[in-house]
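Structure file input_11.txt; described as compact mmCIF, N, CA, C and O atoms.
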```txt
# COMPACT_ATOMS: atom_id res chain seq x y z
N LEU A 1 10.04 -1.31 7.48
CA LEU A 1 9.07 -0.34 7.00
C LEU A 1 9.45 0.00 5.57
O LEU A 1 10.54 0.49 5.32
N THR A 2 8.58 -0.29 4.65
CA THR A 2 8.80 0.03 3.25
C THR A 2 7.68 0.96 2.81
O THR A 2 6.51 0.69 3.05
N CYS A 3 8.06 2.04 2.20
CA CYS A 3 7.06 2.98 1.68
C CYS A 3 7.26 3.06 0.18
O CYS A 3 8.34 3.40 -0.29
N ILE A 4 6.24 2.69 -0.57
CA ILE A 4 6.31 2.74 -2.02
C ILE A 4 5.49 3.93 -2.48
O ILE A 4 4.28 3.98 -2.26
N GLY A 5 6.14 4.89 -3.10
CA GLY A 5 5.44 6.07 -3.59
C GLY A 5 5.52 6.11 -5.11
O GLY A 5 6.58 5.98 -5.68
N ILE A 6 4.37 6.27 -5.75
CA ILE A 6 4.32 6.31 -7.20
C ILE A 6 3.41 7.47 -7.60
O ILE A 6 2.30 7.59 -7.08
N LEU A 7 3.88 8.32 -8.48
CA LEU A 7 3.05 9.41 -8.98
C LEU A 7 2.00 8.81 -9.90
O LEU A 7 2.31 8.25 -10.95
N LEU A 8 0.74 8.92 -9.51
CA LEU A 8 -0.36 8.27 -10.23
C LEU A 8 -1.27 9.31 -10.85
O LEU A 8 -2.20 9.77 -10.22
N GLN A 9 -1.02 9.67 -12.08
CA GLN A 9 -1.88 10.65 -12.73
C GLN A 9 -2.66 10.08 -13.90
O GLN A 9 -3.53 10.74 -14.43
N THR A 10 -2.33 8.88 -14.31
CA THR A 10 -3.07 8.27 -15.41
C THR A 10 -3.50 6.87 -15.03
O THR A 10 -2.91 6.24 -14.15
N ASN A 11 -4.54 6.37 -15.68
CA ASN A 11 -5.02 5.02 -15.41
C ASN A 11 -3.95 3.98 -15.70
O ASN A 11 -3.86 2.97 -15.01
N ASP A 12 -3.11 4.24 -16.72
CA ASP A 12 -2.05 3.30 -17.05
C ASP A 12 -1.07 3.15 -15.89
O ASP A 12 -0.66 2.04 -15.56
N ARG A 13 -0.71 4.24 -15.26
CA ARG A 13 0.21 4.18 -14.12
C ARG A 13 -0.43 3.49 -12.92
O ARG A 13 0.22 2.75 -12.19
N ILE A 14 -1.70 3.73 -12.71
CA ILE A 14 -2.40 3.08 -11.60
C ILE A 14 -2.44 1.57 -11.85
O ILE A 14 -2.19 0.78 -10.94
N THR A 15 -2.73 1.17 -13.07
CA THR A 15 -2.76 -0.25 -13.41
C THR A 15 -1.39 -0.88 -13.21
O THR A 15 -1.28 -1.98 -12.64
N LYS A 16 -0.35 -0.21 -13.64
CA LYS A 16 1.02 -0.73 -13.47
C LYS A 16 1.36 -0.84 -11.98
O LYS A 16 1.97 -1.82 -11.55
N MET A 17 0.97 0.16 -11.18
CA MET A 17 1.22 0.11 -9.75
C MET A 17 0.49 -1.06 -9.13
O MET A 17 1.06 -1.83 -8.36
N ARG A 18 -0.79 -1.22 -9.46
CA ARG A 18 -1.58 -2.34 -8.90
C ARG A 18 -0.95 -3.68 -9.26
O ARG A 18 -0.85 -4.57 -8.41
N ASN A 19 -0.54 -3.82 -10.52
CA ASN A 19 0.07 -5.08 -10.94
C ASN A 19 1.38 -5.35 -10.21
O ASN A 19 1.63 -6.47 -9.75
N ALA A 20 2.22 -4.33 -10.08
CA ALA A 20 3.52 -4.51 -9.43
C ALA A 20 3.37 -4.81 -7.94
O ALA A 20 3.99 -5.74 -7.41
N VAL A 21 2.51 -4.04 -7.26
CA VAL A 21 2.34 -4.25 -5.82
C VAL A 21 1.59 -5.55 -5.55
O VAL A 21 1.89 -6.26 -4.59
N SER A 22 0.64 -5.90 -6.41
CA SER A 22 -0.05 -7.19 -6.27
C SER A 22 0.95 -8.33 -6.37
O SER A 22 0.92 -9.26 -5.56
N ASN A 23 1.83 -8.26 -7.35
CA ASN A 23 2.85 -9.30 -7.52
C ASN A 23 3.75 -9.37 -6.28
O ASN A 23 4.07 -10.46 -5.80
N LEU A 24 4.13 -8.23 -5.76
CA LEU A 24 4.96 -8.18 -4.56
C LEU A 24 4.26 -8.86 -3.38
O LEU A 24 4.84 -9.73 -2.72
N ILE A 25 3.00 -8.49 -3.15
CA ILE A 25 2.25 -9.06 -2.02
C ILE A 25 1.99 -10.55 -2.22
O ILE A 25 2.16 -11.35 -1.30
N LEU A 26 1.58 -10.93 -3.42
CA LEU A 26 1.19 -12.32 -3.66
C LEU A 26 2.36 -13.29 -3.76
O LEU A 26 2.23 -14.46 -3.40
N ASN A 27 3.51 -12.81 -4.23
CA ASN A 27 4.59 -13.74 -4.55
C ASN A 27 5.92 -13.53 -3.84
O ASN A 27 6.74 -14.44 -3.86
N HIS A 28 6.14 -12.38 -3.26
CA HIS A 28 7.50 -12.11 -2.78
C HIS A 28 7.61 -11.76 -1.31
O HIS A 28 8.70 -11.91 -0.75
N ILE A 29 6.58 -11.28 -0.68
CA ILE A 29 6.66 -10.95 0.75
C ILE A 29 6.56 -12.26 1.53
O ILE A 29 5.62 -13.03 1.36
N PRO A 30 7.53 -12.52 2.41
CA PRO A 30 7.56 -13.79 3.14
C PRO A 30 6.38 -13.95 4.11
O PRO A 30 5.84 -12.96 4.63
N GLU A 31 6.01 -15.20 4.37
CA GLU A 31 5.02 -15.52 5.40
C GLU A 31 5.47 -14.90 6.71
O GLU A 31 6.65 -14.78 6.98
N ARG A 32 4.52 -14.53 7.55
CA ARG A 32 4.72 -13.94 8.87
C ARG A 32 5.15 -12.47 8.80
O ARG A 32 5.37 -11.85 9.82
N SER A 33 5.28 -11.91 7.58
CA SER A 33 5.56 -10.48 7.45
C SER A 33 4.29 -9.71 7.79
O SER A 33 3.18 -10.22 7.67
N VAL A 34 4.47 -8.48 8.21
CA VAL A 34 3.34 -7.63 8.55
C VAL A 34 3.30 -6.49 7.53
O VAL A 34 4.29 -5.79 7.32
N VAL A 35 2.13 -6.34 6.88
CA VAL A 35 1.98 -5.38 5.79
C VAL A 35 0.73 -4.55 6.02
O VAL A 35 -0.31 -5.06 6.42
N GLY A 36 0.83 -3.26 5.74
CA GLY A 36 -0.31 -2.37 5.75
C GLY A 36 -0.28 -1.55 4.47
O GLY A 36 0.76 -1.44 3.82
N ILE A 37 -1.40 -0.97 4.10
CA ILE A 37 -1.46 -0.18 2.87
C ILE A 37 -2.02 1.20 3.19
O ILE A 37 -3.10 1.33 3.77
N ASN A 38 -1.24 2.21 2.82
CA ASN A 38 -1.65 3.60 2.96
C ASN A 38 -1.64 4.26 1.59
O ASN A 38 -0.86 3.86 0.72
N GLN A 39 -2.48 5.24 1.43
CA GLN A 39 -2.51 6.03 0.20
C GLN A 39 -2.37 7.49 0.58
O GLN A 39 -2.87 7.91 1.63
N PHE A 40 -1.67 8.26 -0.22
CA PHE A 40 -1.61 9.68 0.04
C PHE A 40 -1.76 10.46 -1.24
O PHE A 40 -1.29 10.08 -2.29
N ASP A 41 -2.53 11.54 -1.14
CA ASP A 41 -2.68 12.51 -2.22
C ASP A 41 -2.58 13.88 -1.55
O ASP A 41 -1.49 14.23 -1.12
N ASN A 42 -3.67 14.60 -1.40
CA ASN A 42 -3.61 15.86 -0.65
C ASN A 42 -3.45 15.62 0.85
O ASN A 42 -3.10 16.52 1.59
N SER A 43 -3.77 14.44 1.30
CA SER A 43 -3.54 14.00 2.67
C SER A 43 -3.35 12.49 2.63
O SER A 43 -3.33 11.89 1.56
N ALA A 44 -3.20 11.87 3.79
CA ALA A 44 -2.90 10.43 3.83
C ALA A 44 -4.07 9.64 4.42
O ALA A 44 -4.78 10.13 5.30
N TYR A 45 -4.26 8.42 3.92
CA TYR A 45 -5.35 7.55 4.34
C TYR A 45 -4.82 6.14 4.54
O TYR A 45 -4.00 5.66 3.76
N GLN A 46 -5.33 5.45 5.55
CA GLN A 46 -4.99 4.05 5.73
C GLN A 46 -6.03 3.22 4.98
O GLN A 46 -7.23 3.30 5.26
N LEU A 47 -5.58 2.43 4.01
CA LEU A 47 -6.49 1.58 3.23
C LEU A 47 -6.60 0.18 3.82
O LEU A 47 -7.62 -0.48 3.65
N SER A 48 -5.55 -0.26 4.49
CA SER A 48 -5.56 -1.58 5.12
C SER A 48 -4.69 -1.52 6.36
O SER A 48 -3.55 -1.05 6.29
N PRO A 49 -5.20 -1.99 7.49
CA PRO A 49 -4.38 -1.97 8.70
C PRO A 49 -3.22 -2.97 8.58
O PRO A 49 -3.21 -3.82 7.69
N MET A 50 -2.28 -2.85 9.48
CA MET A 50 -1.16 -3.78 9.50
C MET A 50 -1.72 -5.19 9.66
O MET A 50 -2.51 -5.45 10.56
N THR A 51 -1.34 -6.07 8.75
CA THR A 51 -1.86 -7.43 8.70
C THR A 51 -0.71 -8.42 8.62
O THR A 51 0.15 -8.29 7.74
N GLU A 52 -0.70 -9.40 9.52
CA GLU A 52 0.32 -10.44 9.43
C GLU A 52 -0.09 -11.43 8.34
O GLU A 52 -1.22 -11.92 8.32
N ILE A 53 0.82 -11.68 7.43
CA ILE A 53 0.53 -12.60 6.32
C ILE A 53 0.76 -14.03 6.79
O ILE A 53 1.89 -14.44 7.04
N THR A 54 -0.35 -14.76 6.93
CA THR A 54 -0.28 -16.17 7.35
C THR A 54 -0.94 -17.10 6.34
O THR A 54 -0.87 -18.31 6.50
N SER A 55 -1.58 -16.53 5.32
CA SER A 55 -2.28 -17.36 4.33
C SER A 55 -2.46 -16.58 3.04
O SER A 55 -2.27 -15.36 2.99
N ASN A 56 -2.90 -17.29 2.02
CA ASN A 56 -3.22 -16.63 0.75
C ASN A 56 -4.43 -15.71 0.90
O ASN A 56 -4.57 -14.75 0.16
N THR A 57 -5.30 -16.02 1.86
CA THR A 57 -6.46 -15.17 2.12
C THR A 57 -6.00 -13.79 2.59
O THR A 57 -6.55 -12.76 2.16
N ASP A 58 -4.98 -13.75 3.46
CA ASP A 58 -4.44 -12.47 3.92
C ASP A 58 -3.86 -11.69 2.74
O ASP A 58 -4.06 -10.49 2.62
N ARG A 59 -3.15 -12.38 1.88
CA ARG A 59 -2.54 -11.73 0.71
C ARG A 59 -3.63 -11.15 -0.20
O ARG A 59 -3.54 -10.01 -0.65
N SER A 60 -4.66 -11.94 -0.46
CA SER A 60 -5.75 -11.49 -1.33
C SER A 60 -6.49 -10.29 -0.73
O SER A 60 -6.88 -9.36 -1.46
N ALA A 61 -6.67 -10.30 0.59
CA ALA A 61 -7.35 -9.18 1.25
C ALA A 61 -6.54 -7.90 1.10
O ALA A 61 -7.10 -6.83 0.85
N LEU A 62 -5.22 -8.00 1.24
CA LEU A 62 -4.37 -6.83 1.06
C LEU A 62 -4.46 -6.31 -0.37
O LEU A 62 -4.62 -5.11 -0.60
N VAL A 63 -4.36 -7.20 -1.33
CA VAL A 63 -4.42 -6.80 -2.74
C VAL A 63 -5.76 -6.14 -3.05
O VAL A 63 -5.81 -5.15 -3.79
N SER A 64 -6.83 -6.63 -2.46
CA SER A 64 -8.15 -6.05 -2.73
C SER A 64 -8.26 -4.61 -2.21
O SER A 64 -9.16 -3.88 -2.63
N ASN A 65 -7.37 -4.20 -1.32
CA ASN A 65 -7.40 -2.84 -0.79
C ASN A 65 -6.51 -1.87 -1.54
O ASN A 65 -6.43 -0.68 -1.18
N LEU A 66 -5.84 -2.32 -2.58
CA LEU A 66 -5.02 -1.41 -3.37
C LEU A 66 -5.92 -0.41 -4.10
O LEU A 66 -7.01 -0.77 -4.56
N PRO A 67 -5.48 0.84 -4.21
CA PRO A 67 -6.34 1.86 -4.83
C PRO A 67 -6.54 1.66 -6.32
O PRO A 67 -5.68 1.11 -7.01
N PHE A 68 -7.70 2.10 -6.80
CA PHE A 68 -8.03 2.06 -8.22
C PHE A 68 -7.91 3.43 -8.87
O PHE A 68 -7.98 3.56 -10.08
N SER A 69 -7.77 4.47 -8.05
CA SER A 69 -7.69 5.82 -8.59
C SER A 69 -6.85 6.69 -7.68
O SER A 69 -6.59 6.35 -6.53
N ALA A 70 -6.44 7.82 -8.21
CA ALA A 70 -5.70 8.81 -7.44
C ALA A 70 -6.21 10.19 -7.85
O ALA A 70 -6.48 10.44 -9.01
N ILE A 71 -6.37 11.03 -6.86
CA ILE A 71 -6.82 12.39 -7.13
C ILE A 71 -5.96 13.36 -6.34
O ILE A 71 -5.30 12.98 -5.38
N GLY A 72 -5.96 14.60 -6.74
CA GLY A 72 -5.26 15.62 -5.99
C GLY A 72 -3.76 15.60 -6.16
O GLY A 72 -3.22 15.02 -7.09
N GLY A 73 -3.09 16.21 -5.21
CA GLY A 73 -1.64 16.34 -5.25
C GLY A 73 -0.94 15.14 -4.66
O GLY A 73 -1.50 14.05 -4.57
N THR A 74 0.29 15.35 -4.26
CA THR A 74 1.10 14.30 -3.67
C THR A 74 1.75 14.85 -2.41
O THR A 74 2.79 15.48 -2.47
N ASP A 75 1.11 14.63 -1.27
CA ASP A 75 1.65 15.10 0.00
C ASP A 75 2.45 13.98 0.65
O ASP A 75 1.96 13.26 1.52
N ILE A 76 3.69 13.82 0.20
CA ILE A 76 4.52 12.73 0.68
C ILE A 76 4.81 12.88 2.17
O ILE A 76 4.97 11.88 2.87
N ASP A 77 4.84 14.11 2.69
CA ASP A 77 5.06 14.30 4.12
C ASP A 77 3.98 13.60 4.94
O ASP A 77 4.27 12.88 5.88
N ASP A 78 2.71 13.83 4.57
CA ASP A 78 1.61 13.17 5.28
C ASP A 78 1.66 11.66 5.09
O ASP A 78 1.37 10.89 6.01
N GLY A 79 2.03 11.22 3.89
CA GLY A 79 2.13 9.79 3.62
C GLY A 79 3.16 9.12 4.49
O GLY A 79 2.91 8.08 5.10
N LEU A 80 4.35 9.71 4.59
CA LEU A 80 5.41 9.14 5.41
C LEU A 80 5.08 9.23 6.90
O LEU A 80 5.37 8.30 7.66
N LEU A 81 4.45 10.31 7.31
CA LEU A 81 4.05 10.46 8.71
C LEU A 81 3.04 9.38 9.09
O LEU A 81 3.15 8.76 10.15
N LEU A 82 2.07 9.11 8.23
CA LEU A 82 1.09 8.07 8.51
C LEU A 82 1.77 6.71 8.56
O LEU A 82 1.47 5.90 9.46
N CYS A 83 2.67 6.42 7.65
CA CYS A 83 3.42 5.15 7.69
C CYS A 83 4.12 4.99 9.03
O CYS A 83 4.07 3.92 9.65
N LYS A 84 4.75 6.04 9.49
CA LYS A 84 5.47 6.01 10.76
C LYS A 84 4.52 5.78 11.93
O LYS A 84 4.79 4.99 12.83
N GLN A 85 3.36 6.46 11.92
CA GLN A 85 2.38 6.30 12.99
C GLN A 85 1.82 4.89 13.02
O GLN A 85 1.68 4.29 14.09
N VAL A 86 1.48 4.35 11.86
CA VAL A 86 0.93 3.00 11.79
C VAL A 86 1.96 1.99 12.26
O VAL A 86 1.66 1.05 12.98
N TYR A 87 3.20 2.18 11.87
CA TYR A 87 4.27 1.26 12.25
C TYR A 87 4.45 1.23 13.77
O TYR A 87 4.66 0.17 14.34
N ARG A 88 4.32 2.38 14.42
CA ARG A 88 4.51 2.45 15.87
C ARG A 88 3.36 1.80 16.65
O ARG A 88 3.51 1.48 17.82
N GLN A 89 2.20 1.65 16.02
CA GLN A 89 1.06 1.02 16.71
C GLN A 89 1.36 -0.42 16.86
O GLN A 89 1.01 -1.24 17.43
```
Here is the file; what I need is its structure written in the form of structure tokens.
Amino acid sequence: LTCIGILLQTNDRITKMRNAVSNLILNHIPERSVVGINQFDNSAYQLSPMTEITSNTDRSALVSNLPFSAIGGTDIDDGLLLCKQVYRQ
């Protein structure tokens, strides 16, 4: 279980996050790994369910679900709780 939290208040930071996480998903996470994407601000949201990476299509689908914007605060408690709940499913 890996939780990546980045304070996203400017478009530049969002772009850097998208580029870094895209690179991670596309080039570094091993085949057969299971990855999901959650976002948290004032509360937590699941952007992509847990997906087993078996092809480049899976990788591209995950990358397409990365957020383009961030609003509100940073409720890391809700974010970590959602990660834990999704992992247990």
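Interatomic distance, atom O of Ser43 (chain A) against atom O of Ser69 (chain A): 10.3 Å.
Separating CA of Met50 (chain A) from CA of Ile76 (chain A) is a distance of 19.6 Å.
Residues within 12 Å of Asn38 (chain A), counting only C-alpha atoms and excluding same-chain residues fewer than 3 positions away, are Thr2, Cys3, Ile4, Gly5, Val35, Asp41, Ser43, Ala44, Tyr45, Gln46, Leu47, Ser48, Pro49, Met50, Leu62, Asn65, Leu66, Pro67, Ile76, Asp78, Gly79, Leu80, Leu81, Leu82, Cys83, Lys84, Gln85, Val86 and Tyr87 of chain A.
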Identify all residues of chain A in strand (DSSP E) (DSSP on the backbone) and supply them as a PyMOL selection string. chain A and resi 34-40+44-52
Could those residues be written to a file, using N, CA, C and O atoms, as a PDB file, in the coordinates of the input?
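The new file part.pdb reads:
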```
ATOM      1  N   VAL A  34       4.470  -8.480   8.210  1.00  0.00           N
ATOM      2  CA  VAL A  34       3.340  -7.630   8.550  1.00  0.00           C
ATOM      3  C   VAL A  34       3.300  -6.490   7.530  1.00  0.00           C
ATOM      4  O   VAL A  34       4.290  -5.790   7.320  1.00  0.00           O
ATOM      5  N   VAL A  35       2.130  -6.340   6.880  1.00  0.00           N
ATOM      6  CA  VAL A  35       1.980  -5.380   5.790  1.00  0.00           C
ATOM      7  C   VAL A  35       0.730  -4.550   6.020  1.00  0.00           C
ATOM      8  O   VAL A  35      -0.310  -5.060   6.420  1.00  0.00           O
ATOM      9  N   GLY A  36       0.830  -3.260   5.740  1.00  0.00           N
ATOM     10  CA  GLY A  36      -0.310  -2.370   5.750  1.00  0.00           C
ATOM     11  C   GLY A  36      -0.280  -1.550   4.470  1.00  0.00           C
ATOM     12  O   GLY A  36       0.760  -1.440   3.820  1.00  0.00           O
ATOM     13  N   ILE A  37      -1.400  -0.970   4.100  1.00  0.00           N
ATOM     14  CA  ILE A  37      -1.460  -0.180   2.870  1.00  0.00           C
ATOM     15  C   ILE A  37      -2.020   1.200   3.190  1.00  0.00           C
ATOM     16  O   ILE A  37      -3.100   1.330   3.770  1.00  0.00           O
ATOM     17  N   ASN A  38      -1.240   2.210   2.820  1.00  0.00           N
ATOM     18  CA  ASN A  38      -1.650   3.600   2.960  1.00  0.00           C
ATOM     19  C   ASN A  38      -1.640   4.260   1.590  1.00  0.00           C
ATOM     20  O   ASN A  38      -0.860   3.860   0.720  1.00  0.00           O
ATOM     21  N   GLN A  39      -2.480   5.240   1.430  1.00  0.00           N
ATOM     22  CA  GLN A  39      -2.510   6.030   0.200  1.00  0.00           C
ATOM     23  C   GLN A  39      -2.370   7.490   0.580  1.00  0.00           C
ATOM     24  O   GLN A  39      -2.870   7.910   1.630  1.00  0.00           O
ATOM     25  N   PHE A  40      -1.670   8.260  -0.220  1.00  0.00           N
ATOM     26  CA  PHE A  40      -1.610   9.680   0.040  1.00  0.00           C
ATOM     27  C   PHE A  40      -1.760  10.460  -1.240  1.00  0.00           C
ATOM     28  O   PHE A  40      -1.290  10.080  -2.290  1.00  0.00           O
ATOM     29  N   ALA A  44      -3.200  11.870   3.790  1.00  0.00           N
ATOM     30  CA  ALA A  44      -2.900  10.430   3.830  1.00  0.00           C
ATOM     31  C   ALA A  44      -4.070   9.640   4.420  1.00  0.00           C
ATOM     32  O   ALA A  44      -4.780  10.130   5.300  1.00  0.00           O
ATOM     33  N   TYR A  45      -4.260   8.420   3.920  1.00  0.00           N
ATOM     34  CA  TYR A  45      -5.350   7.550   4.340  1.00  0.00           C
ATOM     35  C   TYR A  45      -4.820   6.140   4.540  1.00  0.00           C
ATOM     36  O   TYR A  45      -4.000   5.660   3.760  1.00  0.00           O
ATOM     37  N   GLN A  46      -5.330   5.450   5.550  1.00  0.00           N
ATOM     38  CA  GLN A  46      -4.990   4.050   5.730  1.00  0.00           C
ATOM     39  C   GLN A  46      -6.030   3.220   4.980  1.00  0.00           C
ATOM     40  O   GLN A  46      -7.230   3.300   5.260  1.00  0.00           O
ATOM     41  N   LEU A  47      -5.580   2.430   4.010  1.00  0.00           N
ATOM     42  CA  LEU A  47      -6.490   1.580   3.230  1.00  0.00           C
ATOM     43  C   LEU A  47      -6.600   0.180   3.820  1.00  0.00           C
ATOM     44  O   LEU A  47      -7.620  -0.480   3.650  1.00  0.00           O
ATOM     45  N   SER A  48      -5.550  -0.260   4.490  1.00  0.00           N
ATOM     46  CA  SER A  48      -5.560  -1.580   5.120  1.00  0.00           C
ATOM     47  C   SER A  48      -4.690  -1.520   6.360  1.00  0.00           C
ATOM     48  O   SER A  48      -3.550  -1.050   6.290  1.00  0.00           O
ATOM     49  N   PRO A  49      -5.200  -1.990   7.490  1.00  0.00           N
ATOM     50  CA  PRO A  49      -4.380  -1.970   8.700  1.00  0.00           C
ATOM     51  C   PRO A  49      -3.220  -2.970   8.580  1.00  0.00           C
ATOM     52  O   PRO A  49      -3.210  -3.820   7.690  1.00  0.00           O
ATOM     53  N   MET A  50      -2.280  -2.850   9.480  1.00  0.00           N
ATOM     54  CA  MET A  50      -1.160  -3.780   9.500  1.00  0.00           C
ATOM     55  C   MET A  50      -1.720  -5.190   9.660  1.00  0.00           C
ATOM     56  O   MET A  50      -2.510  -5.450  10.560  1.00  0.00           O
ATOM     57  N   THR A  51      -1.340  -6.070   8.750  1.00  0.00           N
ATOM     58  CA  THR A  51      -1.860  -7.430   8.700  1.00  0.00           C
ATOM     59  C   THR A  51      -0.710  -8.420   8.620  1.00  0.00           C
ATOM     60  O   THR A  51       0.150  -8.290   7.740  1.00  0.00           O
ATOM     61  N   GLU A  52      -0.700  -9.400   9.520  1.00  0.00           N
ATOM     62  CA  GLU A  52       0.320 -10.440   9.430  1.00  0.00           C
ATOM     63  C   GLU A  52      -0.090 -11.430   8.340  1.00  0.00           C
ATOM     64  O   GLU A  52      -1.220 -11.920   8.320  1.00  0.00           O
TER      65      GLU A  52
END
```
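You will find atom C of Arg32 (chain A) at 5.2 Å from CA of Ile53 (chain A).
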Per DSSP on the backbone, what are the helix (DSSP H, G or I) residues of region 7-53 of chain A, as a short mmCIF file (atom, residue, chain, number, x, y, z; two decimals) with N, CA, C and O atoms, keeping the file's coordinate frame?
```
data_model
loop_
_atom_site.label_atom_id
_atom_site.label_comp_id
_atom_site.auth_asym_id
_atom_site.auth_seq_id
_atom_site.Cartn_x
_atom_site.Cartn_y
_atom_site.Cartn_z
N ASN A 11 -4.54 6.37 -15.68
CA ASN A 11 -5.02 5.02 -15.41
C ASN A 11 -3.95 3.98 -15.70
O ASN A 11 -3.86 2.97 -15.01
N ASP A 12 -3.11 4.24 -16.72
CA ASP A 12 -2.05 3.30 -17.05
C ASP A 12 -1.07 3.15 -15.89
O ASP A 12 -0.66 2.04 -15.56
N ARG A 13 -0.71 4.24 -15.26
CA ARG A 13 0.21 4.18 -14.12
C ARG A 13 -0.43 3.49 -12.92
O ARG A 13 0.22 2.75 -12.19
N ILE A 14 -1.70 3.73 -12.71
CA ILE A 14 -2.40 3.08 -11.60
C ILE A 14 -2.44 1.57 -11.85
O ILE A 14 -2.19 0.78 -10.94
N THR A 15 -2.73 1.17 -13.07
CA THR A 15 -2.76 -0.25 -13.41
C THR A 15 -1.39 -0.88 -13.21
O THR A 15 -1.28 -1.98 -12.64
N LYS A 16 -0.35 -0.21 -13.64
CA LYS A 16 1.02 -0.73 -13.47
C LYS A 16 1.36 -0.84 -11.98
O LYS A 16 1.97 -1.82 -11.55
N MET A 17 0.97 0.16 -11.18
CA MET A 17 1.22 0.11 -9.75
C MET A 17 0.49 -1.06 -9.13
O MET A 17 1.06 -1.83 -8.36
N ARG A 18 -0.79 -1.22 -9.46
CA ARG A 18 -1.58 -2.34 -8.90
C ARG A 18 -0.95 -3.68 -9.26
O ARG A 18 -0.85 -4.57 -8.41
N ASN A 19 -0.54 -3.82 -10.52
CA ASN A 19 0.07 -5.08 -10.94
C ASN A 19 1.38 -5.35 -10.21
O ASN A 19 1.63 -6.47 -9.75
N ALA A 20 2.22 -4.33 -10.08
CA ALA A 20 3.52 -4.51 -9.43
C ALA A 20 3.37 -4.81 -7.94
O ALA A 20 3.99 -5.74 -7.41
N VAL A 21 2.51 -4.04 -7.26
CA VAL A 21 2.34 -4.25 -5.82
C VAL A 21 1.59 -5.55 -5.55
O VAL A 21 1.89 -6.26 -4.59
N SER A 22 0.64 -5.90 -6.41
CA SER A 22 -0.05 -7.19 -6.27
C SER A 22 0.95 -8.33 -6.37
O SER A 22 0.92 -9.26 -5.56
N ASN A 23 1.83 -8.26 -7.35
CA ASN A 23 2.85 -9.30 -7.52
C ASN A 23 3.75 -9.37 -6.28
O ASN A 23 4.07 -10.46 -5.80
N LEU A 24 4.13 -8.23 -5.76
CA LEU A 24 4.96 -8.18 -4.56
C LEU A 24 4.26 -8.86 -3.38
O LEU A 24 4.84 -9.73 -2.72
N ILE A 25 3.00 -8.49 -3.15
CA ILE A 25 2.25 -9.06 -2.02
C ILE A 25 1.99 -10.55 -2.22
O ILE A 25 2.16 -11.35 -1.30
N LEU A 26 1.58 -10.93 -3.42
CA LEU A 26 1.19 -12.32 -3.66
C LEU A 26 2.36 -13.29 -3.76
O LEU A 26 2.23 -14.46 -3.40
N ASN A 27 3.51 -12.81 -4.23
CA ASN A 27 4.59 -13.74 -4.55
C ASN A 27 5.92 -13.53 -3.84
O ASN A 27 6.74 -14.44 -3.86
N HIS A 28 6.14 -12.38 -3.26
CA HIS A 28 7.50 -12.11 -2.78
C HIS A 28 7.61 -11.76 -1.31
O HIS A 28 8.70 -11.91 -0.75
#
```
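Each of A:Gln89, A:Asn42, A:Asp75, A:Ser64 was compared to Leu26 (chain A) using only C-alpha atoms, and A:Ser64 turns out to be the nearest.
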For Thr54 (chain A): contacts at 6 Å, all atoms listed in the file, fewer than 4 positions along chain excluded, given as a PyMOL selection string: chain A and resi 31-33+58
Next, dump the selected residues to file, keeping only N, CA, C and O atoms, as a CSV table (one decimal), in the frame of the given file.
```csv
chain,number,residue,atom,x,y,z
A,31,GLU,N,6.0,-15.2,4.4
A,31,GLU,CA,5.0,-15.5,5.4
A,31,GLU,C,5.5,-14.9,6.7
A,31,GLU,O,6.6,-14.8,7.0
A,32,ARG,N,4.5,-14.5,7.6
A,32,ARG,CA,4.7,-13.9,8.9
A,32,ARG,C,5.2,-12.5,8.8
A,32,ARG,O,5.4,-11.8,9.8
A,33,SER,N,5.3,-11.9,7.6
A,33,SER,CA,5.6,-10.5,7.4
A,33,SER,C,4.3,-9.7,7.8
A,33,SER,O,3.2,-10.2,7.7
A,58,ASP,N,-5.0,-13.8,3.5
A,58,ASP,CA,-4.4,-12.5,3.9
A,58,ASP,C,-3.9,-11.7,2.7
A,58,ASP,O,-4.1,-10.5,2.6
```
